[in-house]
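First up is the structure itself, then whatever we jot down about it.
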Amino acid sequence: MDEVIKIVNDIKAGNIKPIYFLMGEEPYYIDKLSDFIEHNVLTEEEKGFNQTVLYGRDVTIDDIVSTAKRYPMMAERQVVIVKEAQDLSRTIDKIESYVDNPMESTVLVFCYKYKTLDKRKKVTKLLGQKGIVYESKKLYENQVGDWIKRVLSGKKYSIEPKATAMLVEFLGTDLSKINNELEKLQIILPVGSTINPQHIEENIGFSKDFNNFELLNALGSRNQAKAFHIAQYFSDNPKANPLVVTTGLVFGFFVKILKYHGLKDRNPSKVAAALGVNPYFLKDYDVALKNYPMKKVSQIITSLRDVDIKSKGVGASMSQSDLLKEMLYKIFN
């Protein structure tokens, strides 16, 4: 995020490069940077003749170079944005000759999503020398919560840890999807609000009581009634709660408990970092640590592998409901 801020600030200050190659697995910041350039480098009057948006699937490298070599009309520069540039991955090296001697009056932007250039290639090194190469890396799940807090803080909102956990559970690490849902909430809630689980449930549609987060909480505290109640809800709503996702999260939860057992330094901040969890939720892991000895955790992990295999139709044909019940039975007994 710091790199994105620097690129934006440099452009605002007039330090504009002739080429921006935006690439990587996470499309969110690629779109943000591309949109910023599209809306801020030229004035509204200049855009009509001097701003061109191309799409990788519709053009060739020669088309892009030809457009980039045009001179601006009644403006200091022109902007050429190539969206979905990853569709040109087989021929992208052909841009090398242009990169070696780019038009200073052109701002050429490549949106190269879900892929990256080989950093050893000459074209990649040239891009870094003549312009900006920005790689947008996918965040790990345990990093998304901090990202949500930063985004909301910048817009004068805050969010409760449980609400953050719900968003990450249901939307994963797709920053664009998460941002879209946050923007919906910002339309509904006044500036300065703190987003809570109730807001998530009422406006986005995720149940605050029947979700994998609450299931893990029930398992950790050995609350059998709550766990089986949630499992029944999952069985009644299988499309919204696929078994493969649930077993994967439960497996990950107990792997972290096993790792916790093996930690010598029980300093909370170090434990949270080692387990890759938000420190706010460490108390749940403390409870689970006391409820499940290391030997029992090892047995549970083995049984979860068996449930996962069965869920894929190997060795047994069982309904999601029966597999969920079997999983809980093996955990609690």
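As shown in the structure tokens, the chain order sets the letters A, B, ...; within each chain, residues go from 1, and ligands are also counted from 1 in the order they appear.
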
Taking the chain letters and numbering used in this document, name the residues of stretch 60-281 of chain A that DSSP puts in alpha helix (DSSP H), as an mmCIF file with N, CA and C atoms, in the first residue's frame.
data_model
loop_
_atom_site.group_PDB
_atom_site.id
_atom_site.type_symbol
_atom_site.label_atom_id
_atom_site.label_comp_id
_atom_site.auth_asym_id
_atom_site.auth_seq_id
_atom_site.Cartn_x
_atom_site.Cartn_y
_atom_site.Cartn_z
ATOM 1 N N ILE A 61 0.541 -5.722 -29.980
ATOM 2 C CA ILE A 61 1.593 -4.839 -29.471
ATOM 3 C C ILE A 61 1.862 -3.720 -30.471
ATOM 4 N N ASP A 62 1.831 -4.039 -31.760
ATOM 5 C CA ASP A 62 2.051 -3.017 -32.794
ATOM 6 C C ASP A 62 0.986 -1.922 -32.712
ATOM 7 N N ASP A 63 -0.263 -2.310 -32.454
ATOM 8 C CA ASP A 63 -1.347 -1.324 -32.306
ATOM 9 C C ASP A 63 -1.065 -0.394 -31.128
ATOM 10 N N ILE A 64 -0.603 -0.985 -30.029
ATOM 11 C CA ILE A 64 -0.322 -0.201 -28.821
ATOM 12 C C ILE A 64 0.817 0.779 -29.071
ATOM 13 N N VAL A 65 1.874 0.292 -29.698
ATOM 14 C CA VAL A 65 3.037 1.144 -29.984
ATOM 15 C C VAL A 65 2.643 2.275 -30.930
ATOM 16 N N SER A 66 1.860 1.950 -31.925
ATOM 17 C CA SER A 66 1.419 2.966 -32.890
ATOM 18 C C SER A 66 0.628 4.071 -32.190
ATOM 19 N N THR A 67 -0.248 3.666 -31.277
ATOM 20 C CA THR A 67 -1.045 4.644 -30.527
ATOM 21 C C THR A 67 -0.167 5.462 -29.590
ATOM 22 N N ALA A 68 0.783 4.785 -28.936
ATOM 23 C CA ALA A 68 1.662 5.461 -27.978
ATOM 24 C C ALA A 68 2.575 6.475 -28.657
ATOM 25 N N GLU A 96 9.487 -4.271 -26.037
ATOM 26 C CA GLU A 96 10.839 -3.909 -25.593
ATOM 27 C C GLU A 96 11.426 -2.717 -26.350
ATOM 28 N N SER A 97 11.287 -2.701 -27.661
ATOM 29 C CA SER A 97 11.892 -1.620 -28.455
ATOM 30 C C SER A 97 11.272 -0.264 -28.106
ATOM 31 N N TYR A 98 9.958 -0.261 -27.864
ATOM 32 C CA TYR A 98 9.318 1.001 -27.480
ATOM 33 C C TYR A 98 9.765 1.421 -26.079
ATOM 34 N N VAL A 99 9.833 0.475 -25.173
ATOM 35 C CA VAL A 99 10.236 0.780 -23.795
ATOM 36 C C VAL A 99 11.638 1.367 -23.761
ATOM 37 N N ASP A 100 12.497 0.898 -24.654
ATOM 38 C CA ASP A 100 13.878 1.374 -24.705
ATOM 39 C C ASP A 100 13.945 2.853 -25.077
ATOM 40 N N LYS A 122 14.979 -8.907 -20.126
ATOM 41 C CA LYS A 122 15.425 -7.557 -20.448
ATOM 42 C C LYS A 122 14.270 -6.569 -20.434
ATOM 43 N N VAL A 123 13.114 -6.988 -20.953
ATOM 44 C CA VAL A 123 11.976 -6.068 -21.035
ATOM 45 C C VAL A 123 11.537 -5.612 -19.648
ATOM 46 N N THR A 124 11.587 -6.510 -18.673
ATOM 47 C CA THR A 124 11.191 -6.155 -17.310
ATOM 48 C C THR A 124 12.177 -5.159 -16.707
ATOM 49 N N LYS A 125 13.453 -5.387 -16.935
ATOM 50 C CA LYS A 125 14.483 -4.477 -16.421
ATOM 51 C C LYS A 125 14.368 -3.108 -17.077
ATOM 52 N N LEU A 126 14.097 -3.094 -18.390
ATOM 53 C CA LEU A 126 13.923 -1.826 -19.097
ATOM 54 C C LEU A 126 12.724 -1.051 -18.569
ATOM 55 N N LEU A 127 11.629 -1.769 -18.313
ATOM 56 C CA LEU A 127 10.424 -1.128 -17.778
ATOM 57 C C LEU A 127 10.724 -0.450 -16.440
ATOM 58 N N GLY A 128 11.528 -1.121 -15.614
ATOM 59 C CA GLY A 128 11.892 -0.558 -14.321
ATOM 60 C C GLY A 128 12.798 0.657 -14.449
ATOM 61 N N GLN A 129 13.621 0.677 -15.492
ATOM 62 C CA GLN A 129 14.536 1.802 -15.709
ATOM 63 C C GLN A 129 13.825 3.017 -16.310
ATOM 64 N N LYS A 130 12.937 2.760 -17.251
ATOM 65 C CA LYS A 130 12.284 3.850 -17.981
ATOM 66 C C LYS A 130 10.969 4.312 -17.350
ATOM 67 N N GLU A 141 -4.590 -14.290 4.211
ATOM 68 C CA GLU A 141 -5.846 -14.108 4.945
ATOM 69 C C GLU A 141 -5.645 -13.308 6.230
ATOM 70 N N ASN A 142 -4.534 -13.556 6.931
ATOM 71 C CA ASN A 142 -4.318 -12.858 8.196
ATOM 72 C C ASN A 142 -3.891 -11.402 8.004
ATOM 73 N N GLN A 143 -3.687 -10.955 6.752
ATOM 74 C CA GLN A 143 -3.341 -9.565 6.480
ATOM 75 C C GLN A 143 -4.560 -8.737 6.071
ATOM 76 N N VAL A 144 -5.631 -9.428 5.670
ATOM 77 C CA VAL A 144 -6.786 -8.728 5.120
ATOM 78 C C VAL A 144 -7.486 -7.875 6.174
ATOM 79 N N GLY A 145 -7.539 -8.358 7.412
ATOM 80 C CA GLY A 145 -8.197 -7.603 8.473
ATOM 81 C C GLY A 145 -7.577 -6.230 8.667
ATOM 82 N N ASP A 146 -6.250 -6.164 8.683
ATOM 83 C CA ASP A 146 -5.565 -4.872 8.825
ATOM 84 C C ASP A 146 -5.833 -3.979 7.625
ATOM 85 N N TRP A 147 -5.911 -4.585 6.438
ATOM 86 C CA TRP A 147 -6.214 -3.816 5.228
ATOM 87 C C TRP A 147 -7.611 -3.197 5.334
ATOM 88 N N ILE A 148 -8.590 -3.978 5.800
ATOM 89 C CA ILE A 148 -9.956 -3.470 5.969
ATOM 90 C C ILE A 148 -9.964 -2.287 6.931
ATOM 91 N N LYS A 149 -9.252 -2.422 8.041
ATOM 92 C CA LYS A 149 -9.202 -1.332 9.030
ATOM 93 C C LYS A 149 -8.583 -0.071 8.439
ATOM 94 N N ARG A 150 -7.507 -0.226 7.644
ATOM 95 C CA ARG A 150 -6.845 0.932 7.044
ATOM 96 C C ARG A 150 -7.755 1.641 6.046
ATOM 97 N N VAL A 151 -8.434 0.847 5.220
ATOM 98 C CA VAL A 151 -9.334 1.423 4.222
ATOM 99 C C VAL A 151 -10.455 2.196 4.893
ATOM 100 N N LEU A 152 -11.062 1.595 5.913
ATOM 101 C CA LEU A 152 -12.169 2.249 6.609
ATOM 102 C C LEU A 152 -11.703 3.468 7.389
ATOM 103 N N SER A 153 -10.525 3.368 8.003
ATOM 104 C CA SER A 153 -9.989 4.492 8.773
ATOM 105 C C SER A 153 -9.779 5.713 7.877
ATOM 106 N N GLY A 154 -9.314 5.462 6.653
ATOM 107 C CA GLY A 154 -9.105 6.559 5.715
ATOM 108 C C GLY A 154 -10.395 7.257 5.337
ATOM 109 N N PRO A 161 -13.761 -6.343 15.422
ATOM 110 C CA PRO A 161 -12.988 -7.514 14.973
ATOM 111 C C PRO A 161 -13.856 -8.657 14.446
ATOM 112 N N LYS A 162 -14.981 -8.921 15.093
ATOM 113 C CA LYS A 162 -15.832 -10.025 14.634
ATOM 114 C C LYS A 162 -16.422 -9.725 13.257
ATOM 115 N N ALA A 163 -16.790 -8.475 13.030
ATOM 116 C CA ALA A 163 -17.325 -8.089 11.723
ATOM 117 C C ALA A 163 -16.260 -8.264 10.646
ATOM 118 N N THR A 164 -15.017 -7.922 10.987
ATOM 119 C CA THR A 164 -13.906 -8.130 10.053
ATOM 120 C C THR A 164 -13.751 -9.609 9.732
ATOM 121 N N ALA A 165 -13.795 -10.444 10.787
ATOM 122 C CA ALA A 165 -13.646 -11.893 10.599
ATOM 123 C C ALA A 165 -14.748 -12.447 9.700
ATOM 124 N N MET A 166 -15.964 -11.929 9.842
ATOM 125 C CA MET A 166 -17.077 -12.384 9.004
ATOM 126 C C MET A 166 -16.823 -12.055 7.535
ATOM 127 N N LEU A 167 -16.360 -10.836 7.275
ATOM 128 C CA LEU A 167 -16.093 -10.439 5.889
ATOM 129 C C LEU A 167 -15.018 -11.318 5.261
ATOM 130 N N VAL A 168 -13.951 -11.568 6.015
ATOM 131 C CA VAL A 168 -12.855 -12.383 5.489
ATOM 132 C C VAL A 168 -13.310 -13.817 5.269
ATOM 133 N N GLU A 169 -14.126 -14.327 6.197
ATOM 134 C CA GLU A 169 -14.603 -15.712 6.058
ATOM 135 C C GLU A 169 -15.439 -15.887 4.804
ATOM 136 N N PHE A 170 -16.358 -14.945 4.565
ATOM 137 C CA PHE A 170 -17.302 -15.114 3.463
ATOM 138 C C PHE A 170 -16.781 -14.607 2.124
ATOM 139 N N LEU A 171 -15.848 -13.654 2.136
ATOM 140 C CA LEU A 171 -15.364 -13.083 0.879
ATOM 141 C C LEU A 171 -13.923 -13.449 0.574
ATOM 142 N N LEU A 175 -9.868 -8.432 -2.519
ATOM 143 C CA LEU A 175 -10.003 -7.059 -2.021
ATOM 144 C C LEU A 175 -11.086 -6.278 -2.762
ATOM 145 N N SER A 176 -11.268 -6.563 -4.035
ATOM 146 C CA SER A 176 -12.295 -5.852 -4.805
ATOM 147 C C SER A 176 -13.689 -6.173 -4.274
ATOM 148 N N LYS A 177 -13.942 -7.445 -4.014
ATOM 149 C CA LYS A 177 -15.250 -7.846 -3.470
ATOM 150 C C LYS A 177 -15.476 -7.227 -2.094
ATOM 151 N N ILE A 178 -14.445 -7.289 -1.254
ATOM 152 C CA ILE A 178 -14.567 -6.739 0.090
ATOM 153 C C ILE A 178 -14.822 -5.243 0.016
ATOM 154 N N ASN A 179 -14.082 -4.542 -0.840
ATOM 155 C CA ASN A 179 -14.254 -3.098 -0.967
ATOM 156 C C ASN A 179 -15.655 -2.741 -1.443
ATOM 157 N N ASN A 180 -16.193 -3.532 -2.371
ATOM 158 C CA ASN A 180 -17.553 -3.286 -2.859
ATOM 159 C C ASN A 180 -18.566 -3.364 -1.715
ATOM 160 N N GLU A 181 -18.411 -4.361 -0.843
ATOM 161 C CA GLU A 181 -19.332 -4.506 0.284
ATOM 162 C C GLU A 181 -19.142 -3.380 1.297
ATOM 163 N N LEU A 182 -17.898 -2.974 1.508
ATOM 164 C CA LEU A 182 -17.641 -1.863 2.434
ATOM 165 C C LEU A 182 -18.259 -0.574 1.911
ATOM 166 N N GLU A 183 -18.196 -0.376 0.602
ATOM 167 C CA GLU A 183 -18.777 0.836 0.021
ATOM 168 C C GLU A 183 -20.298 0.851 0.173
ATOM 169 N N LYS A 184 -20.925 -0.323 0.102
ATOM 170 C CA LYS A 184 -22.373 -0.406 0.334
ATOM 171 C C LYS A 184 -22.710 0.039 1.754
ATOM 172 N N LEU A 185 -21.898 -0.439 2.710
ATOM 173 C CA LEU A 185 -22.130 -0.084 4.113
ATOM 174 C C LEU A 185 -21.907 1.411 4.343
ATOM 175 N N GLN A 186 -20.939 2.001 3.640
ATOM 176 C CA GLN A 186 -20.652 3.421 3.815
ATOM 177 C C GLN A 186 -21.783 4.294 3.275
ATOM 178 N N ILE A 187 -22.536 3.766 2.320
ATOM 179 C CA ILE A 187 -23.698 4.499 1.807
ATOM 180 C C ILE A 187 -24.809 4.524 2.864
ATOM 181 N N ILE A 188 -24.935 3.408 3.574
ATOM 182 C CA ILE A 188 -26.020 3.252 4.552
ATOM 183 C C ILE A 188 -25.690 3.914 5.888
ATOM 184 N N PRO A 197 -21.177 -6.782 13.569
ATOM 185 C CA PRO A 197 -21.744 -7.979 12.922
ATOM 186 C C PRO A 197 -23.198 -7.819 12.490
ATOM 187 N N GLN A 198 -23.967 -7.036 13.269
ATOM 188 C CA GLN A 198 -25.369 -6.808 12.911
ATOM 189 C C GLN A 198 -25.468 -6.097 11.566
ATOM 190 N N HIS A 199 -24.619 -5.117 11.335
ATOM 191 C CA HIS A 199 -24.605 -4.413 10.044
ATOM 192 C C HIS A 199 -24.280 -5.371 8.899
ATOM 193 N N ILE A 200 -23.322 -6.264 9.149
ATOM 194 C CA ILE A 200 -22.939 -7.244 8.125
ATOM 195 C C ILE A 200 -24.114 -8.151 7.796
ATOM 196 N N GLU A 201 -24.769 -8.643 8.835
ATOM 197 C CA GLU A 201 -25.885 -9.573 8.631
ATOM 198 C C GLU A 201 -27.051 -8.898 7.926
ATOM 199 N N GLU A 202 -27.400 -7.694 8.333
ATOM 200 C CA GLU A 202 -28.586 -7.027 7.805
ATOM 201 C C GLU A 202 -28.389 -6.483 6.392
ATOM 202 N N ASN A 203 -27.176 -6.060 6.071
ATOM 203 C CA ASN A 203 -26.959 -5.369 4.801
ATOM 204 C C ASN A 203 -26.171 -6.149 3.758
ATOM 205 N N ASN A 212 -18.975 -20.181 9.882
ATOM 206 C CA ASN A 212 -17.806 -20.976 10.276
ATOM 207 C C ASN A 212 -17.038 -20.352 11.439
ATOM 208 N N PHE A 213 -17.055 -19.044 11.516
ATOM 209 C CA PHE A 213 -16.392 -18.365 12.632
ATOM 210 C C PHE A 213 -17.017 -18.803 13.959
ATOM 211 N N GLU A 214 -18.347 -18.825 14.012
ATOM 212 C CA GLU A 214 -19.048 -19.233 15.237
ATOM 213 C C GLU A 214 -18.875 -20.730 15.491
ATOM 214 N N LEU A 215 -18.771 -21.510 14.411
ATOM 215 C CA LEU A 215 -18.548 -22.947 14.581
ATOM 216 C C LEU A 215 -17.190 -23.194 15.238
ATOM 217 N N LEU A 216 -16.165 -22.489 14.781
ATOM 218 C CA LEU A 216 -14.834 -22.645 15.384
ATOM 219 C C LEU A 216 -14.849 -22.219 16.843
ATOM 220 N N ASN A 217 -15.592 -21.172 17.140
ATOM 221 C CA ASN A 217 -15.716 -20.714 18.522
ATOM 222 C C ASN A 217 -16.366 -21.789 19.392
ATOM 223 N N ALA A 218 -17.400 -22.442 18.843
ATOM 224 C CA ALA A 218 -18.092 -23.509 19.581
ATOM 225 C C ALA A 218 -17.184 -24.721 19.777
ATOM 226 N N LEU A 219 -16.405 -25.045 18.752
ATOM 227 C CA LEU A 219 -15.485 -26.176 18.861
ATOM 228 C C LEU A 219 -14.402 -25.887 19.900
ATOM 229 N N GLY A 220 -13.837 -24.692 19.830
ATOM 230 C CA GLY A 220 -12.768 -24.341 20.763
ATOM 231 C C GLY A 220 -13.220 -24.377 22.213
ATOM 232 N N GLN A 224 -20.923 -28.230 22.633
ATOM 233 C CA GLN A 224 -21.468 -29.204 21.688
ATOM 234 C C GLN A 224 -22.833 -28.794 21.157
ATOM 235 N N ALA A 225 -23.694 -28.261 22.017
ATOM 236 C CA ALA A 225 -25.041 -27.883 21.589
ATOM 237 C C ALA A 225 -24.977 -26.826 20.484
ATOM 238 N N LYS A 226 -24.140 -25.817 20.692
ATOM 239 C CA LYS A 226 -23.996 -24.752 19.701
ATOM 240 C C LYS A 226 -23.408 -25.293 18.400
ATOM 241 N N ALA A 227 -22.402 -26.148 18.503
ATOM 242 C CA ALA A 227 -21.750 -26.694 17.314
ATOM 243 C C ALA A 227 -22.711 -27.516 16.467
ATOM 244 N N PHE A 228 -23.491 -28.379 17.115
ATOM 245 C CA PHE A 228 -24.438 -29.211 16.365
ATOM 246 C C PHE A 228 -25.588 -28.372 15.807
ATOM 247 N N HIS A 229 -25.940 -27.300 16.507
ATOM 248 C CA HIS A 229 -26.989 -26.403 16.016
ATOM 249 C C HIS A 229 -26.537 -25.715 14.728
ATOM 250 N N ILE A 230 -25.286 -25.240 14.719
ATOM 251 C CA ILE A 230 -24.726 -24.601 13.523
ATOM 252 C C ILE A 230 -24.600 -25.625 12.392
ATOM 253 N N ALA A 231 -24.164 -26.845 12.733
ATOM 254 C CA ALA A 231 -24.024 -27.897 11.715
ATOM 255 C C ALA A 231 -25.363 -28.204 11.058
ATOM 256 N N GLN A 232 -26.432 -28.185 11.835
ATOM 257 C CA GLN A 232 -27.767 -28.425 11.281
ATOM 258 C C GLN A 232 -28.157 -27.308 10.312
ATOM 259 N N TYR A 233 -27.821 -26.087 10.693
ATOM 260 C CA TYR A 233 -28.097 -24.942 9.815
ATOM 261 C C TYR A 233 -27.326 -25.090 8.500
ATOM 262 N N PHE A 234 -26.055 -25.513 8.596
ATOM 263 C CA PHE A 234 -25.245 -25.735 7.401
ATOM 264 C C PHE A 234 -25.861 -26.821 6.525
ATOM 265 N N SER A 235 -26.365 -27.874 7.160
ATOM 266 C CA SER A 235 -26.973 -28.985 6.414
ATOM 267 C C SER A 235 -28.230 -28.536 5.683
ATOM 268 N N ASP A 236 -28.955 -27.608 6.300
ATOM 269 C CA ASP A 236 -30.178 -27.092 5.680
ATOM 270 C C ASP A 236 -29.883 -26.064 4.587
ATOM 271 N N LEU A 243 -19.371 -27.976 2.433
ATOM 272 C CA LEU A 243 -18.632 -28.791 3.406
ATOM 273 C C LEU A 243 -17.129 -28.654 3.236
ATOM 274 N N VAL A 244 -16.661 -28.582 1.998
ATOM 275 C CA VAL A 244 -15.221 -28.519 1.753
ATOM 276 C C VAL A 244 -14.605 -27.268 2.387
ATOM 277 N N VAL A 245 -15.364 -26.167 2.409
ATOM 278 C CA VAL A 245 -14.870 -24.934 3.034
ATOM 279 C C VAL A 245 -14.829 -25.103 4.549
ATOM 280 N N THR A 246 -15.901 -25.676 5.100
ATOM 281 C CA THR A 246 -15.974 -25.864 6.551
ATOM 282 C C THR A 246 -14.870 -26.781 7.052
ATOM 283 N N THR A 247 -14.692 -27.916 6.392
ATOM 284 C CA THR A 247 -13.653 -28.851 6.844
ATOM 285 C C THR A 247 -12.262 -28.232 6.721
ATOM 286 N N GLY A 248 -12.063 -27.440 5.672
ATOM 287 C CA GLY A 248 -10.771 -26.778 5.494
ATOM 288 C C GLY A 248 -10.473 -25.799 6.620
ATOM 289 N N LEU A 249 -11.482 -25.025 7.021
ATOM 290 C CA LEU A 249 -11.298 -24.059 8.102
ATOM 291 C C LEU A 249 -11.106 -24.741 9.450
ATOM 292 N N VAL A 250 -11.880 -25.811 9.687
ATOM 293 C CA VAL A 250 -11.743 -26.551 10.944
ATOM 294 C C VAL A 250 -10.368 -27.202 11.015
ATOM 295 N N PHE A 251 -9.932 -27.763 9.901
ATOM 296 C CA PHE A 251 -8.607 -28.366 9.843
ATOM 297 C C PHE A 251 -7.529 -27.316 10.177
ATOM 298 N N GLY A 252 -7.644 -26.135 9.553
ATOM 299 C CA GLY A 252 -6.680 -25.072 9.800
ATOM 300 C C GLY A 252 -6.685 -24.618 11.247
ATOM 301 N N PHE A 253 -7.861 -24.597 11.854
ATOM 302 C CA PHE A 253 -8.001 -24.192 13.254
ATOM 303 C C PHE A 253 -7.222 -25.138 14.169
ATOM 304 N N PHE A 254 -7.385 -26.445 13.946
ATOM 305 C CA PHE A 254 -6.716 -27.409 14.822
ATOM 306 C C PHE A 254 -5.215 -27.519 14.518
ATOM 307 N N VAL A 255 -4.829 -27.231 13.287
ATOM 308 C CA VAL A 255 -3.397 -27.169 12.978
ATOM 309 C C VAL A 255 -2.753 -26.029 13.776
ATOM 310 N N LYS A 256 -3.467 -24.917 13.890
ATOM 311 C CA LYS A 256 -2.947 -23.792 14.674
ATOM 312 C C LYS A 256 -2.875 -24.142 16.162
ATOM 313 N N ILE A 257 -3.855 -24.894 16.649
ATOM 314 C CA ILE A 257 -3.827 -25.327 18.050
ATOM 315 C C ILE A 257 -2.627 -26.240 18.288
ATOM 316 N N LEU A 258 -2.371 -27.133 17.331
ATOM 317 C CA LEU A 258 -1.213 -28.021 17.449
ATOM 318 C C LEU A 258 0.083 -27.208 17.464
ATOM 319 N N LYS A 259 0.131 -26.210 16.605
ATOM 320 C CA LYS A 259 1.311 -25.342 16.558
ATOM 321 C C LYS A 259 1.458 -24.579 17.872
ATOM 322 N N TYR A 260 0.338 -24.136 18.425
ATOM 323 C CA TYR A 260 0.340 -23.403 19.699
ATOM 324 C C TYR A 260 0.922 -24.276 20.811
ATOM 325 N N HIS A 261 0.542 -25.545 20.826
ATOM 326 C CA HIS A 261 1.080 -26.476 21.821
ATOM 327 C C HIS A 261 2.605 -26.543 21.752
ATOM 328 N N PRO A 268 1.759 -13.148 24.135
ATOM 329 C CA PRO A 268 0.580 -13.019 23.253
ATOM 330 C C PRO A 268 0.892 -12.480 21.855
ATOM 331 N N SER A 269 1.706 -11.435 21.776
ATOM 332 C CA SER A 269 1.982 -10.856 20.456
ATOM 333 C C SER A 269 2.763 -11.831 19.578
ATOM 334 N N LYS A 270 3.677 -12.587 20.207
ATOM 335 C CA LYS A 270 4.468 -13.556 19.445
ATOM 336 C C LYS A 270 3.617 -14.761 19.040
ATOM 337 N N VAL A 271 2.699 -15.159 19.928
ATOM 338 C CA VAL A 271 1.804 -16.275 19.611
ATOM 339 C C VAL A 271 0.905 -15.899 18.436
ATOM 340 N N ALA A 272 0.310 -14.693 18.503
ATOM 341 C CA ALA A 272 -0.573 -14.235 17.425
ATOM 342 C C ALA A 272 0.166 -14.208 16.092
ATOM 343 N N ALA A 273 1.417 -13.738 16.116
ATOM 344 C CA ALA A 273 2.213 -13.681 14.887
ATOM 345 C C ALA A 273 2.539 -15.081 14.384
ATOM 346 N N ALA A 274 2.882 -15.985 15.299
ATOM 347 C CA ALA A 274 3.241 -17.352 14.911
ATOM 348 C C ALA A 274 2.048 -18.105 14.330
ATOM 349 N N LEU A 275 0.873 -17.858 14.893
ATOM 350 C CA LEU A 275 -0.333 -18.553 14.413
ATOM 351 C C LEU A 275 -0.977 -17.841 13.230
#

Original post:
Quick one: DSSP strand (DSSP E or B) residues in stretch 55-278 of chain A, as a ChimeraX atom specification?
Top reply: /A:55,78-83,106-113,132-135,158-159,194-195

**OP:** Please measure the separation of atom CA of A:Phe36 and atom CA of A:Tyr71, giving the value in Å to one decimal.
**Re:** 22.1 Å

**OP:** Measuring atom to atom with only C-alpha atoms, identify which of A:Met23, A:Val41, A:Leu289, A:Val59 is nearest to A:Arg77.
**Re:** A:Val41

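Between atom CA of A:Tyr140 and atom CA of A:Phe281 lies a distance of 17.1 Å.
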
**OP:** Kindly indicate which residue among A:Val4, A:Lys113, A:Asp58, A:Asn291 lies nearest to A:Ser221, using only C-alpha atoms for the distances.
**Re:**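 Among A:Val4, A:Lys113, A:Asp58, A:Asn291, it is A:Asn291 that comes nearest to A:Ser221.
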
Original post:
Distance atom CA of A:Ile331-atom CA of A:Asp308, one decimal place?
Top reply: 13.9 Å

**OP:** Within 8 Å of A:Val82, counting only C-alpha atoms, which residues show up once you throw out same-chain ones fewer than 5 positions away? Write them as a list of chain:residue names, please.
**Re:** A:Val53, A:Leu54, A:Tyr55, A:Gly56, A:Ile64, A:Leu108, A:Val109, A:Phe110, A:Cys111

Restrict the selected residues to all heavy atoms and save them as a short mmCIF file (atom, residue, chain, number, x, y, z; two decimals), in the first residue's frame.
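Saved the output as selection.cif:
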data_model
loop_
_atom_site.label_atom_id
_atom_site.label_comp_id
_atom_site.auth_asym_id
_atom_site.auth_seq_id
_atom_site.Cartn_x
_atom_site.Cartn_y
_atom_site.Cartn_z
N VAL A 53 -8.31 4.23 -24.34
CA VAL A 53 -8.37 2.98 -23.57
C VAL A 53 -8.45 1.82 -24.55
O VAL A 53 -9.35 1.76 -25.39
CB VAL A 53 -9.59 2.94 -22.62
CG1 VAL A 53 -9.65 1.59 -21.89
CG2 VAL A 53 -9.52 4.08 -21.60
N LEU A 54 -7.46 0.93 -24.46
CA LEU A 54 -7.41 -0.26 -25.32
C LEU A 54 -7.60 -1.51 -24.48
O LEU A 54 -7.39 -1.49 -23.26
CB LEU A 54 -6.06 -0.33 -26.04
CG LEU A 54 -5.64 0.90 -26.85
CD1 LEU A 54 -4.20 0.74 -27.33
CD2 LEU A 54 -6.58 1.13 -28.02
N TYR A 55 -7.97 -2.61 -25.10
CA TYR A 55 -8.15 -3.88 -24.40
C TYR A 55 -7.27 -4.95 -25.04
O TYR A 55 -7.25 -5.09 -26.28
CB TYR A 55 -9.62 -4.31 -24.42
CG TYR A 55 -10.48 -3.45 -23.53
CD1 TYR A 55 -11.02 -2.26 -24.01
CD2 TYR A 55 -10.71 -3.80 -22.19
CE1 TYR A 55 -11.79 -1.45 -23.18
CE2 TYR A 55 -11.48 -3.00 -21.37
CZ TYR A 55 -12.00 -1.82 -21.86
OH TYR A 55 -12.75 -1.01 -21.03
N GLY A 56 -6.52 -5.66 -24.20
CA GLY A 56 -5.55 -6.64 -24.67
C GLY A 56 -6.08 -7.63 -25.68
O GLY A 56 -5.38 -8.02 -26.62
N ILE A 64 -0.60 -0.99 -30.03
CA ILE A 64 -0.32 -0.20 -28.82
C ILE A 64 0.82 0.78 -29.07
O ILE A 64 0.73 1.97 -28.73
CB ILE A 64 0.02 -1.14 -27.64
CG1 ILE A 64 -1.19 -2.00 -27.29
CG2 ILE A 64 0.49 -0.33 -26.43
CD1 ILE A 64 -0.88 -3.13 -26.33
N LEU A 108 1.88 5.65 -20.89
CA LEU A 108 1.39 4.34 -21.31
C LEU A 108 1.22 3.45 -20.09
O LEU A 108 2.18 3.22 -19.35
CB LEU A 108 2.37 3.71 -22.30
CG LEU A 108 2.06 2.31 -22.82
CD1 LEU A 108 0.70 2.25 -23.50
CD2 LEU A 108 3.17 1.84 -23.77
N VAL A 109 0.00 2.96 -19.89
CA VAL A 109 -0.32 2.16 -18.70
C VAL A 109 -0.75 0.76 -19.12
O VAL A 109 -1.67 0.60 -19.92
CB VAL A 109 -1.46 2.82 -17.89
CG1 VAL A 109 -1.74 2.02 -16.61
CG2 VAL A 109 -1.12 4.27 -17.55
N PHE A 110 -0.09 -0.24 -18.56
CA PHE A 110 -0.48 -1.64 -18.79
C PHE A 110 -1.13 -2.19 -17.52
O PHE A 110 -0.53 -2.13 -16.44
CB PHE A 110 0.74 -2.50 -19.13
CG PHE A 110 1.29 -2.28 -20.50
CD1 PHE A 110 2.29 -1.34 -20.72
CD2 PHE A 110 0.82 -3.00 -21.59
CE1 PHE A 110 2.82 -1.13 -21.99
CE2 PHE A 110 1.33 -2.80 -22.86
CZ PHE A 110 2.33 -1.86 -23.07
N CYS A 111 -2.32 -2.74 -17.66
CA CYS A 111 -3.00 -3.42 -16.54
C CYS A 111 -2.88 -4.92 -16.78
O CYS A 111 -3.71 -5.52 -17.48
CB CYS A 111 -4.46 -2.99 -16.46
SG CYS A 111 -4.68 -1.20 -16.25
#
